[in-house]
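Trainee: The file below is model-v7.csv, CSV, C-alpha atoms:
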chain,number,residue,atom,x,y,z
A,1287,MET,CA,2.0,-30.9,-9.7
A,1288,SER,CA,4.1,-32.5,-7.0
A,1289,PRO,CA,2.6,-35.3,-4.8
A,1290,GLU,CA,1.2,-34.3,-1.4
A,1291,LEU,CA,4.0,-33.3,1.0
A,1292,HIS,CA,4.0,-34.4,4.7
A,1293,ALA,CA,6.5,-33.3,7.4
A,1294,VAL,CA,8.3,-34.3,10.6
A,1295,VAL,CA,10.1,-31.6,12.6
A,1296,LEU,CA,12.8,-32.9,14.9
A,1297,ALA,CA,12.6,-30.9,18.1
A,1298,ASP,CA,14.2,-33.1,20.8
A,1299,ASP,CA,17.3,-31.0,21.1
A,1300,PRO,CA,17.1,-28.3,23.8
A,1301,ARG,CA,18.1,-25.7,21.2
A,1302,SER,CA,14.7,-26.2,19.6
A,1303,ARG,CA,13.2,-24.3,22.5
A,1304,VAL,CA,15.4,-21.2,21.9
A,1305,ARG,CA,13.3,-18.2,21.0
A,1306,ILE,CA,14.4,-16.0,18.1
A,1307,ALA,CA,12.3,-12.9,17.4
A,1308,GLY,CA,9.6,-14.1,19.7
A,1309,LEU,CA,9.3,-17.6,18.2
A,1310,ALA,CA,10.8,-20.9,19.4
A,1311,ALA,CA,13.0,-22.6,16.9
A,1312,ARG,CA,10.7,-25.7,16.7
A,1313,GLU,CA,7.6,-23.6,16.1
A,1314,ARG,CA,9.4,-21.7,13.4
A,1315,ALA,CA,10.4,-25.0,11.8
A,1316,ILE,CA,6.8,-26.1,11.9
A,1317,ARG,CA,5.6,-22.8,10.3
A,1318,VAL,CA,8.3,-23.2,7.6
A,1319,ALA,CA,7.0,-26.7,6.8
A,1320,ARG,CA,3.5,-25.4,6.6
A,1321,LYS,CA,4.6,-22.5,4.4
A,1322,VAL,CA,5.8,-24.9,1.7
A,1323,GLY,CA,2.6,-26.9,1.9
A,1324,ALA,CA,3.5,-29.7,4.2
A,1325,THR,CA,1.1,-31.4,6.6
A,1326,HIS,CA,1.4,-34.4,9.0
A,1327,ALA,CA,3.8,-37.4,8.8
A,1328,SER,CA,3.3,-40.0,6.1
A,1329,THR,CA,5.2,-42.6,4.2
A,1330,SER,CA,4.4,-41.2,0.7
A,1331,ARG,CA,6.6,-38.0,0.5
A,1332,LEU,CA,8.2,-36.9,3.7
A,1333,LEU,CA,9.9,-33.6,4.6
A,1334,VAL,CA,12.2,-33.7,7.7
A,1335,ILE,CA,13.5,-30.5,9.3
A,1336,ARG,CA,15.9,-30.4,12.2
A,1337,ALA,CA,14.8,-27.6,14.6
A,1338,ASP,CA,18.0,-27.2,16.6
A,1339,GLN,CA,18.8,-24.1,14.4
A,1340,LEU,CA,16.9,-21.1,13.2
A,1341,VAL,CA,15.4,-22.2,9.9
A,1342,HIS,CA,13.6,-20.0,7.3
A,1343,THR,CA,11.6,-20.9,4.2
A,1344,PRO,CA,14.6,-20.8,1.7
A,1345,LEU,CA,16.0,-23.9,3.5
A,1346,VAL,CA,13.2,-26.2,2.4
A,1347,GLN,CA,11.5,-24.3,-0.5
A,1348,PRO,CA,13.7,-26.0,-3.1
A,1349,LEU,CA,12.9,-29.4,-1.5
A,1350,ALA,CA,9.2,-28.9,-1.7
A,1351,THR,CA,9.1,-29.3,-5.5
A,1352,ALA,CA,11.4,-32.3,-5.5
A,1353,THR,CA,9.8,-35.6,-6.7
A,1354,GLN,CA,12.6,-37.8,-5.5
A,1355,THR,CA,14.6,-38.1,-2.3
A,1356,ALA,CA,16.7,-34.9,-1.9
A,1357,LEU,CA,18.9,-33.3,0.7
A,1358,ALA,CA,19.3,-29.6,1.5
A,1359,ILE,CA,23.0,-28.7,1.4
A,1360,GLY,CA,24.9,-25.5,2.4
A,1361,GLY,CA,27.5,-23.5,0.6
A,1362,ASP,CA,30.2,-26.0,1.8
A,1363,GLY,CA,28.3,-28.9,0.3
A,1364,ALA,CA,27.5,-30.4,3.8
A,1365,TYR,CA,24.0,-31.6,4.8
A,1366,ALA,CA,22.0,-28.6,6.1
A,1367,GLY,CA,19.4,-30.2,8.4
A,1368,ALA,CA,16.5,-30.9,6.0
A,1369,PHE,CA,15.6,-33.5,3.5
A,1370,VAL,CA,12.7,-34.9,1.5
A,1371,ALA,CA,12.3,-38.7,1.2
A,1372,THR,CA,9.9,-40.4,-1.1
A,1373,GLY,CA,8.4,-43.9,-1.4
A,1374,ALA,CA,10.5,-46.6,0.4
A,1375,ASP,CA,13.0,-44.0,1.5
A,1376,ALA,CA,10.2,-42.1,3.4
A,1377,ALA,CA,9.0,-45.3,5.1
A,1378,ARG,CA,12.6,-46.1,6.1
A,1379,ALA,CA,13.1,-42.6,7.4
A,1380,ILE,CA,10.1,-42.7,9.6
A,1381,ALA,CA,11.1,-46.1,11.0
A,1382,GLU,CA,14.7,-45.0,11.7
A,1383,LEU,CA,13.7,-41.7,13.2
A,1384,GLY,CA,11.2,-43.5,15.4
A,1385,ALA,CA,13.9,-45.8,16.6
A,1386,GLY,CA,16.0,-42.8,17.7
A,1387,ALA,CA,18.4,-42.4,14.7
A,1388,SER,CA,19.5,-38.8,14.0
A,1389,ASP,CA,18.5,-37.1,10.8
A,1390,GLU,CA,22.1,-37.0,9.7
A,1391,HIS,CA,22.3,-40.7,10.0
A,1392,VAL,CA,19.1,-41.1,8.0
A,1393,ALA,CA,20.3,-38.7,5.3
A,1394,ALA,CA,23.6,-40.5,5.0
A,1395,GLY,CA,21.7,-43.6,4.1
A,1396,PHE,CA,20.4,-42.0,0.9
A,1397,PRO,CA,23.6,-42.1,-1.3
A,1398,ASP,CA,21.6,-41.5,-4.5
A,1399,ALA,CA,19.6,-38.6,-3.2
A,1400,ALA,CA,19.6,-35.3,-5.1
A,1401,ARG,CA,21.6,-32.6,-3.4
A,1402,ILE,CA,19.9,-29.2,-3.5
A,1403,ARG,CA,21.6,-26.1,-2.4
A,1404,HIS,CA,19.4,-24.0,-0.2
A,1405,GLY,CA,18.6,-20.3,-0.8
A,1406,GLU,CA,19.8,-17.2,1.0
A,1407,LEU,CA,18.8,-16.4,4.6
A,1408,ALA,CA,17.9,-20.1,5.1
A,1409,ARG,CA,19.4,-21.1,8.4
A,1410,ALA,CA,21.6,-20.0,11.3
A,1411,PRO,CA,23.1,-21.8,14.4
A,1412,ILE,CA,21.6,-20.7,17.7
A,1413,GLY,CA,23.8,-22.6,20.2
A,1414,THR,CA,25.5,-19.7,21.8
A,1415,PRO,CA,24.4,-16.1,22.7
A,1416,ALA,CA,26.7,-14.7,19.9
A,1417,GLU,CA,25.1,-17.1,17.4
A,1418,ARG,CA,21.6,-16.1,18.5
A,1419,ARG,CA,22.4,-12.4,18.0
A,1420,ALA,CA,23.7,-13.3,14.5
A,1421,ALA,CA,20.6,-15.3,13.8
A,1422,HIS,CA,18.5,-12.3,14.8
A,1423,ARG,CA,20.4,-10.1,12.4
A,1424,MET,CA,20.1,-12.6,9.6
A,1425,LEU,CA,16.3,-13.0,10.1
A,1426,TYR,CA,15.7,-9.2,10.1
A,1427,ARG,CA,17.4,-8.9,6.7
A,1428,ILE,CA,14.2,-10.4,5.1
A,1429,LEU,CA,12.3,-7.2,6.1
A,1430,ILE,CA,13.9,-5.2,3.2
A,1431,LYS,CA,11.4,-5.5,0.4
A,1432,PRO,CA,12.5,-5.0,-3.2
A,1433,GLN,CA,9.5,-2.6,-3.7
A,1434,ASP,CA,10.8,-0.2,-1.0
A,1435,ASN,CA,11.6,3.2,-2.3
A,1436,ALA,CA,14.2,5.5,-0.8
A,1437,ILE,CA,11.7,7.3,1.5
A,1438,THR,CA,10.5,4.0,2.9
A,1439,ARG,CA,14.0,2.6,3.3
A,1440,TYR,CA,15.6,5.6,5.0
A,1441,ALA,CA,12.7,7.5,6.6
A,1442,TYR,CA,10.3,4.7,7.6
A,1443,ARG,CA,12.2,1.4,8.1
A,1444,PRO,CA,14.6,2.8,10.7
A,1445,ILE,CA,11.7,3.6,13.0
A,1446,SER,CA,9.4,0.6,12.1
A,1447,PHE,CA,12.2,-1.9,12.6
A,1448,PRO,CA,12.6,-1.2,16.3
A,1449,LEU,CA,8.8,-1.3,16.7
A,1450,THR,CA,8.7,-4.6,15.0
A,1451,ARG,CA,11.5,-6.0,17.2
A,1452,LEU,CA,9.3,-5.2,20.2
A,1453,LEU,CA,6.0,-6.5,18.7
A,1454,VAL,CA,7.4,-9.9,17.7
A,1455,TRP,CA,7.9,-10.7,21.4
A,1456,THR,CA,4.2,-10.1,22.1
A,1457,PRO,CA,1.1,-12.2,21.1
A,1458,ILE,CA,-0.2,-9.4,18.9
A,1459,THR,CA,-0.9,-10.6,15.4
A,1460,PRO,CA,-0.3,-8.8,12.1
A,1461,ASN,CA,-4.0,-8.5,11.5
A,1462,GLN,CA,-4.5,-6.9,14.9
A,1463,ILE,CA,-1.8,-4.4,14.1
A,1464,SER,CA,-3.8,-3.5,10.9
A,1465,TYR,CA,-7.0,-3.0,12.9
A,1466,LEU,CA,-5.1,-0.8,15.3
A,1467,VAL,CA,-3.7,1.2,12.4
A,1468,ALA,CA,-7.3,1.7,11.1
A,1469,ALA,CA,-8.4,2.9,14.5
A,1470,ILE,CA,-5.5,5.4,14.8
A,1471,VAL,CA,-6.1,6.7,11.2
A,1472,ALA,CA,-9.8,7.1,12.0
A,1473,LEU,CA,-8.9,9.1,15.1
A,1474,GLY,CA,-6.4,11.3,13.1
A,1475,CYS,CA,-9.0,11.9,10.4
A,1476,TRP,CA,-11.6,13.0,13.0
A,1477,ILE,CA,-9.1,15.4,14.6
A,1478,THR,CA,-8.1,16.8,11.2
A,1479,ALA,CA,-11.7,17.5,10.2
A,1480,HIS,CA,-12.0,20.5,12.5
A,1481,ALA,CA,-11.7,24.2,11.6
A,1482,SER,CA,-8.5,25.0,13.6
A,1483,ASP,CA,-5.1,24.8,12.1
A,1484,ARG,CA,-3.8,23.2,15.3
A,1485,ALA,CA,-6.3,20.4,15.0
A,1486,ALA,CA,-5.4,19.8,11.4
A,1487,LEU,CA,-1.7,19.6,12.3
A,1488,VAL,CA,-2.3,17.2,15.2
A,1489,GLY,CA,-4.6,15.0,13.2
A,1490,THR,CA,-2.1,14.9,10.3
A,1491,VAL,CA,0.7,13.9,12.7
A,1492,VAL,CA,-1.5,11.1,14.1
A,1493,VAL,CA,-2.2,9.8,10.6
A,1494,LEU,CA,1.6,9.9,9.9
A,1495,ALA,CA,2.3,8.0,13.1
A,1496,ALA,CA,-0.2,5.4,12.0
A,1497,SER,CA,1.7,5.0,8.7
A,1498,TYR,CA,4.8,4.0,10.7
A,1499,LEU,CA,2.8,1.4,12.6
A,1500,ASP,CA,1.4,0.2,9.3
A,1501,CYS,CA,4.8,-0.9,8.3
A,1502,CYS,CA,5.0,-3.3,11.2
A,1503,ASP,CA,2.1,-5.6,10.3
A,1504,GLY,CA,3.9,-6.9,7.2
A,1505,GLU,CA,7.3,-7.0,9.1
A,1506,VAL,CA,5.9,-9.0,11.9
A,1507,ALA,CA,4.1,-11.3,9.4
A,1508,ARG,CA,7.4,-12.0,7.6
A,1509,VAL,CA,9.5,-12.5,10.7
A,1510,LYS,CA,7.0,-14.8,12.4
A,1511,LEU,CA,5.9,-16.6,9.2
A,1512,LEU,CA,2.3,-15.4,9.7
A,1513,SER,CA,1.7,-14.0,6.2
A,1514,SER,CA,-1.6,-14.8,4.7
A,1515,ARG,CA,-3.7,-13.6,1.7
A,1516,LEU,CA,-6.4,-12.4,4.1
A,1517,GLY,CA,-3.8,-10.4,6.0
A,1518,ALA,CA,-2.5,-8.8,2.8
A,1519,TRP,CA,-6.0,-7.8,1.9
A,1520,ILE,CA,-6.8,-6.3,5.3
A,1521,ASP,CA,-3.6,-4.3,5.1
A,1522,THR,CA,-4.4,-3.2,1.6
A,1523,ILE,CA,-8.0,-2.1,2.4
A,1524,VAL,CA,-6.8,-0.2,5.5
A,1525,ASP,CA,-4.2,1.6,3.4
A,1526,GLU,CA,-6.7,2.7,0.7
A,1527,LEU,CA,-9.4,3.7,3.1
A,1528,SER,CA,-6.8,5.7,5.0
A,1529,SER,CA,-5.9,7.6,1.9
A,1530,VAL,CA,-9.6,8.4,1.1
A,1531,GLY,CA,-10.4,9.2,4.7
A,1532,TYR,CA,-7.6,11.7,5.1
A,1533,MET,CA,-8.4,13.4,1.8
A,1534,VAL,CA,-12.0,13.8,3.0
A,1535,ALA,CA,-10.9,15.0,6.4
A,1536,ILE,CA,-8.5,17.7,5.2
A,1537,GLY,CA,-11.1,18.8,2.6
A,1538,TRP,CA,-13.7,19.2,5.4
A,1539,HIS,CA,-11.2,21.1,7.5
A,1540,CYS,CA,-10.7,23.5,4.5
A,1541,HIS,CA,-14.5,23.8,4.2
A,1542,LEU,CA,-14.8,24.8,7.8
A,1543,ALA,CA,-11.6,27.0,8.0
A,1544,TYR,CA,-11.9,28.9,4.7
A,1545,GLY,CA,-15.4,28.5,3.5
A,1546,PRO,CA,-16.8,29.3,0.0
A,1547,SER,CA,-15.7,32.9,0.4
A,1548,PHE,CA,-12.1,31.8,-0.1
A,1549,PHE,CA,-13.0,31.6,-3.8
A,1550,GLY,CA,-15.0,34.8,-3.9
A,1551,THR,CA,-18.8,34.5,-4.2
A,1552,PRO,CA,-19.3,31.1,-6.0
A,1553,PRO,CA,-22.9,29.7,-6.2
A,1554,PHE,CA,-21.8,26.5,-4.5
A,1555,ASP,CA,-19.1,25.5,-2.0
A,1556,PRO,CA,-16.0,24.5,-4.1
A,1557,TRP,CA,-14.6,22.6,-1.1
A,1558,LEU,CA,-17.5,20.2,-1.0
A,1559,VAL,CA,-17.5,19.7,-4.7
A,1560,ALA,CA,-13.8,18.9,-4.7
A,1561,ILE,CA,-14.3,16.4,-1.9
A,1562,ALA,CA,-17.1,14.7,-3.8
A,1563,ALA,CA,-15.2,14.6,-7.0
A,1564,SER,CA,-12.0,13.3,-5.3
A,1565,VAL,CA,-13.9,10.5,-3.6
A,1566,VAL,CA,-15.2,9.4,-7.0
A,1567,THR,CA,-11.8,9.6,-8.6
A,1568,TYR,CA,-10.1,7.8,-5.7
A,1569,LEU,CA,-12.7,5.0,-5.7
A,1570,TRP,CA,-12.4,4.5,-9.4
A,1571,THR,CA,-8.6,4.5,-9.2
A,1572,ILE,CA,-8.7,1.9,-6.5
A,1573,TYR,CA,-11.0,-0.3,-8.6
A,1574,CYS,CA,-8.7,0.0,-11.6
A,1575,ILE,CA,-5.6,-0.8,-9.6
A,1576,TYR,CA,-7.0,-3.8,-8.0
A,1577,TYR,CA,-8.6,-5.1,-11.1
A,1578,ASN,CA,-5.1,-4.9,-12.6
A,1579,ILE,CA,-3.2,-6.7,-9.8
A,1580,ILE,CA,-5.9,-9.4,-9.2
A,1581,VAL,CA,-6.9,-10.2,-12.8
A,1582,ALA,CA,-3.6,-9.6,-14.6
A,1583,VAL,CA,-0.8,-9.7,-12.0
A,1584,GLY,CA,-2.1,-12.2,-9.4
A,1585,SER,CA,-1.2,-10.1,-6.3
A,1586,ALA,CA,-2.8,-8.4,-3.4
A,1587,ASN,CA,-0.2,-5.6,-3.2
A,1588,SER,CA,-0.8,-2.4,-5.0
A,1589,GLN,CA,3.0,-1.9,-5.4
A,1590,ASP,CA,2.8,-4.8,-7.9
A,1591,TYR,CA,0.7,-2.7,-10.3
A,1592,VAL,CA,1.7,-3.0,-14.0
A,1593,GLY,CA,0.9,-0.3,-16.5
A,1594,ARG,CA,1.4,-2.2,-19.8
A,1595,PHE,CA,0.9,-5.9,-20.7
A,1596,GLU,CA,1.6,-8.0,-23.7
A,1597,VAL,CA,-0.2,-11.3,-24.8
A,1598,VAL,CA,2.0,-14.4,-24.9
A,1599,PRO,CA,1.2,-18.1,-25.4
A,1600,GLY,CA,-0.2,-19.9,-22.3
A,1601,GLY,CA,0.7,-23.2,-20.8
A,1602,GLN,CA,-2.1,-25.1,-22.5
A,1603,PRO,CA,-3.4,-25.3,-26.1
A,1604,ASN,CA,-5.7,-22.4,-27.1
A,1605,THR,CA,-4.7,-20.3,-24.1
A,1606,VAL,CA,-2.7,-17.1,-23.6
A,1607,ARG,CA,-1.5,-15.1,-20.7
A,1608,LEU,CA,-0.7,-11.5,-19.9
A,1609,ARG,CA,2.9,-10.6,-19.3
A,1610,PRO,CA,4.2,-7.2,-18.2
A,1611,ALA,CA,5.5,-5.5,-21.2
A,1612,VAL,CA,9.2,-4.6,-21.3
A,1613,VAL,CA,9.6,-0.9,-21.6
A,1614,ALA,CA,12.5,0.0,-23.9
A,1615,ALA,CA,15.0,2.3,-22.3
A,1616,ILE,CA,15.5,5.7,-23.8
A,1617,ALA,CA,19.2,6.5,-24.3
A,1618,ALA,CA,20.1,10.1,-23.4
A,1619,PRO,CA,22.1,11.8,-26.2
A,1620,LYS,CA,24.5,13.1,-23.6
A,1621,GLN,CA,25.3,12.9,-19.9
A,1622,LEU,CA,22.5,14.5,-18.0
A,1623,PRO,CA,23.3,17.3,-15.4
A,1624,PRO,CA,23.4,16.1,-11.8
A,1625,VAL,CA,20.2,18.1,-10.9
A,1626,VAL,CA,18.2,16.5,-13.8
A,1627,ARG,CA,19.5,13.0,-12.8
A,1628,TRP,CA,18.4,13.7,-9.2
A,1629,LEU,CA,15.0,14.8,-10.3
A,1630,ALA,CA,14.6,11.8,-12.6
A,1631,THR,CA,15.5,9.5,-9.7
A,1632,TYR,CA,13.4,11.0,-6.9
A,1633,ALA,CA,10.5,12.9,-8.5
A,1634,PRO,CA,8.4,9.7,-8.9
A,1635,TYR,CA,8.4,9.4,-5.1
A,1636,VAL,CA,6.2,12.5,-4.6
A,1637,VAL,CA,3.1,10.6,-5.7
A,1638,ARG,CA,3.8,7.7,-3.2
A,1639,ARG,CA,1.8,7.5,0.1
A,1640,ASP,CA,5.1,7.6,2.1
A,1641,PHE,CA,6.0,11.0,0.7
A,1642,ILE,CA,2.5,12.4,0.9
A,1643,SER,CA,2.2,11.6,4.6
A,1644,TRP,CA,5.3,13.6,5.4
A,1645,GLY,CA,4.4,16.4,2.9
A,1646,ALA,CA,1.0,16.8,4.5
A,1647,VAL,CA,2.6,17.3,7.9
A,1648,VAL,CA,4.9,20.0,6.6
A,1649,LEU,CA,2.1,21.8,4.9
A,1650,ALA,CA,-0.1,21.6,7.9
A,1651,ALA,CA,2.7,23.0,10.1
A,1652,LEU,CA,2.9,25.9,7.7
A,1653,HIS,CA,-0.9,26.4,7.9
A,1654,TRP,CA,-1.1,25.6,4.2
A,1655,THR,CA,-3.8,22.9,4.5
A,1656,HIS,CA,-5.5,24.3,1.5
A,1657,VAL,CA,-2.4,23.6,-0.5
A,1658,ALA,CA,-2.2,20.0,0.8
A,1659,PHE,CA,-5.8,19.4,-0.1
A,1660,ALA,CA,-5.3,20.9,-3.6
A,1661,MET,CA,-2.3,18.6,-4.1
A,1662,LEU,CA,-4.2,15.6,-3.0
A,1663,VAL,CA,-7.1,16.5,-5.4
A,1664,ALA,CA,-4.7,17.1,-8.3
A,1665,GLY,CA,-2.7,14.0,-7.6
A,1666,GLY,CA,-6.0,12.0,-7.5
A,1667,VAL,CA,-7.0,13.4,-10.9
A,1668,VAL,CA,-3.7,12.7,-12.6
A,1669,THR,CA,-3.6,9.1,-11.2
A,1670,PHE,CA,-7.3,8.7,-12.3
A,1671,VAL,CA,-6.4,9.6,-15.9
A,1672,ILE,CA,-3.3,7.3,-16.0
A,1673,VAL,CA,-4.9,4.2,-14.5
A,1674,THR,CA,-8.1,4.7,-16.6
A,1675,ILE,CA,-6.0,4.6,-19.8
A,1676,ASP,CA,-4.1,1.5,-18.5
A,1677,HIS,CA,-7.5,-0.1,-17.6
A,1678,VAL,CA,-9.0,0.5,-21.0
A,1679,ARG,CA,-5.9,-0.9,-22.6
A,1680,LEU,CA,-5.9,-4.0,-20.4
A,1681,ARG,CA,-9.6,-4.6,-21.0
A,1682,ALA,CA,-9.0,-4.3,-24.8
A,1683,LEU,CA,-6.2,-6.9,-24.7
A,1684,ARG,CA,-8.4,-9.4,-22.9
A,1685,ARG,CA,-11.4,-8.8,-25.3
A,1686,ALA,CA,-9.1,-9.1,-28.3
A,1687,ALA,CA,-7.9,-12.5,-27.1
A,1688,GLU,CA,-11.4,-13.7,-26.3
A,1689,ARG,CA,-12.7,-12.6,-29.7
A,1690,ARG,CA,-10.0,-14.9,-31.2
A,1691,GLY,CA,-11.5,-17.8,-29.2
A,1692,LEU,CA,-8.6,-17.9,-26.8
A,1693,ILE,CA,-8.8,-18.5,-23.1
A,1694,VAL,CA,-6.8,-16.0,-20.9
A,1695,GLU,CA,-5.1,-17.9,-18.1
A,1696,SER,CA,-5.4,-16.6,-14.6
A,1697,PRO,CA,-2.1,-15.3,-13.1
Will you turn the file into structure tokens for me?

Mentor:
Amino acid sequence: MSPELHAVVLADDPRSRVRIAGLAARERAIRVARKVGATHASTSRLLVIRADQLVHTPLVQPLATATQTALAIGGDGAYAGAFVATGADAARAIAELGAGASDEHVAAGFPDAARIRHGELARAPIGTPAERRAAHRMLYRILIKPQDNAITRYAYRPISFPLTRLLVWTPITPNQISYLVAAIVALGCWITAHASDRAALVGTVVVLAASYLDCCDGEVARVKLLSSRLGAWIDTIVDELSSVGYMVAIGWHCHLAYGPSFFGTPPFDPWLVAIAASVVTYLWTIYCIYYNIIVAVGSANSQDYVGRFEVVPGGQPNTVRLRPAVVAAIAAPKQLPPVVRWLATYAPYVVRRDFISWGAVVLAALHWTHVAFAMLVAGGVVTFVIVTIDHVRLRALRRAAERRGLIVESP
């Protein structure tokens, strides 16, 4: 483990007060320092960041793990405006900075320092209007998540990005956006849970609108460096309760609109039975998914769910850890037809919340709310079966390791 890291942010240049995406450059530099675990100034291990440019975490993340004096450098090999100094170098850096020396001058006095190339999207100049516009564009590139599927990337992000660009200039926090999403979803579910087809359509559209706003909380958090584990869990809980709430609402709508007579003369109301069964399967599925990502993956994002694991040696004696199993690719005997390739690429998206939200609107517009509810119930059952099998397999792996007297490391 690296020694405690302390920080100084140099914010005497007027450019440090320039606001990019609603945040002054000096405040962004401070948040970047906190993001990598730095605190106040000290003479033990010192991180120095120059805030006359837009800086992002990849500028200093490589420095945070350095145990010796190290300089961040750019692609041209030049000093990039951040360094870590240790021991006597840290004491000298504080003294020289306090006497008015520039960070470039201080960094030049470390001829033996390690030179660490910074990561992508790490910094950008902000001295001119053109540079600030370029800095904006660079910063918003971090909003593209590797987990984004085609529907998210092409149907949701083009609308959520402009909303995010407005929200970052306000004092609204990502958690407050999540609370607002929860309130809008609750309103949409209440409207949906009425007998009329018009109410079902309006309520479903409101829930869809909430899903667009739901994209913004994470985007604002990443742009303004406000991500937190609590925020991730709030967003996750709102997402899951939204799914369960809408399923109950559309089922109740079908109960009111169609009644038991839709199925002939059953001795019970099939709509209510389906709602109850779906709530049970949804809740169990949620439990299995979050057991998986918390206990085995170490995440708060359901998109990180892993179906299969393998046991590998841990970092300490008598320990093991769970690693996602590599699924061997199946080679096709011949080139697949274009239609089959298209289905293989996009068919998995139909079980994603992004697709379901739009699909529910289309079906409600066609007055096929009973079809929407049936698809939600069927999808819940299929997912229930899949995650239950994965859950039993995961539990068995952990029990097998424990029976051998091994300790399963936390992710």

Trainee: Choose the residue, out of A:Cys1501, A:Val1341, A:Val1392, A:Arg1690, that has the smallest atom-to-atom separation from Asp1525 (chain A); count all atoms listed in the file.

Mentor: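 Answer, going by the shortest atom-to-atom distance: A:Cys1501.
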
Trainee: Can you tell me, as a list in words, what residues are no more than 12 Å from Ala1563 (chain A) when counting all atoms listed in the file, ignoring any on the same chain fewer than 6 positions away?

Mentor: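 Contacts, in chain order: Val1530, Met1533, Val1534, Gly1537, Pro1556, Trp1557, Leu1569, Trp1570, Leu1662, Val1663, Ala1664, Gly1666, Val1667 and Phe1670 of chain A.
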
Trainee: How far is it from CA of Leu1680 (chain A) to CA of Ile1572 (chain A), in Å with one decimal?

Mentor: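 Separation of CA of Leu1680 (chain A) and CA of Ile1572 (chain A): 15.4 Å.
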
Trainee: Considering all atoms listed in the file, can you say which of A:Ala1543, A:Pro1344, A:Asp1503, A:Arg1451 comes closest to His1480 (chain A)?

Mentor: A:Ala1543

Trainee: What is the CA of Leu1527 (chain A) to CA of Val1565 (chain A) distance in Å?

Mentor: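 Separation of CA of Leu1527 (chain A) and CA of Val1565 (chain A): 10.6 Å.
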
Trainee: Quick check, in Å to one decimal: how far apart do CA of Leu1452 (chain A) and CA of Gln1589 (chain A) lie?

Mentor: 26.6 Å

Trainee: Can you pull out the residues contacting Val1524 (chain A)? Cut-off 8 Å, using all atoms listed in the file, and skip same-chain residues under 2 positions away; I want them as a compact mmCIF listing (two decimals) with C-alpha atoms, in the frame of the given file.

Mentor:
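Ended up saving to around-v3.txt:
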# COMPACT_ATOMS: atom_id res chain seq x y z
CA SER A 1464 -3.80 -3.50 10.90
CA TYR A 1465 -7.00 -3.00 12.90
CA VAL A 1467 -3.70 1.20 12.40
CA ALA A 1468 -7.30 1.70 11.10
CA ILE A 1520 -6.80 -6.30 5.30
CA ASP A 1521 -3.60 -4.30 5.10
CA THR A 1522 -4.40 -3.20 1.60
CA GLU A 1526 -6.70 2.70 0.70
CA LEU A 1527 -9.40 3.70 3.10
CA SER A 1528 -6.80 5.70 5.00

Trainee: Compile the contact shell of region 1297-1314 of chain A as a CSV table (one decimal) with C-alpha atoms, in the coordinates of the input: residues with an atom at most 8 Å away, counting all atoms listed in the file, same-chain residues fewer than 5 positions apart removed.

Mentor:
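This went into around32.csv:
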chain,number,residue,atom,x,y,z
A,1336,ARG,CA,15.9,-30.4,12.2
A,1337,ALA,CA,14.8,-27.6,14.6
A,1338,ASP,CA,18.0,-27.2,16.6
A,1339,GLN,CA,18.8,-24.1,14.4
A,1340,LEU,CA,16.9,-21.1,13.2
A,1341,VAL,CA,15.4,-22.2,9.9
A,1342,HIS,CA,13.6,-20.0,7.3
A,1412,ILE,CA,21.6,-20.7,17.7
A,1413,GLY,CA,23.8,-22.6,20.2
A,1418,ARG,CA,21.6,-16.1,18.5
A,1421,ALA,CA,20.6,-15.3,13.8
A,1422,HIS,CA,18.5,-12.3,14.8
A,1451,ARG,CA,11.5,-6.0,17.2
A,1454,VAL,CA,7.4,-9.9,17.7
A,1455,TRP,CA,7.9,-10.7,21.4
A,1456,THR,CA,4.2,-10.1,22.1
A,1509,VAL,CA,9.5,-12.5,10.7
A,1510,LYS,CA,7.0,-14.8,12.4
A,1511,LEU,CA,5.9,-16.6,9.2

Trainee: For each of A:His1404, A:Gly1584, A:Ala1496, A:Gln1602, take the minimum atom-to-atom distance to Tyr1442 (chain A), counting all atoms listed in the file, then give the residue where this is smallest.

Mentor: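 Selected residue with least distance to Tyr1442 (chain A): A:Ala1496.
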
Trainee: Skipping near chain neighbours, those fewer than 5 positions away, what residues fall within 12 Å of Gly1367 (chain A) using all atoms listed in the file, listed as a VMD selection string?

Mentor: chain A and resid 1295 to 1297 1315 1333 to 1342 1345 to 1346 1349 1356 to 1360 1388 to 1394 1402 to 1404 1408 to 1411
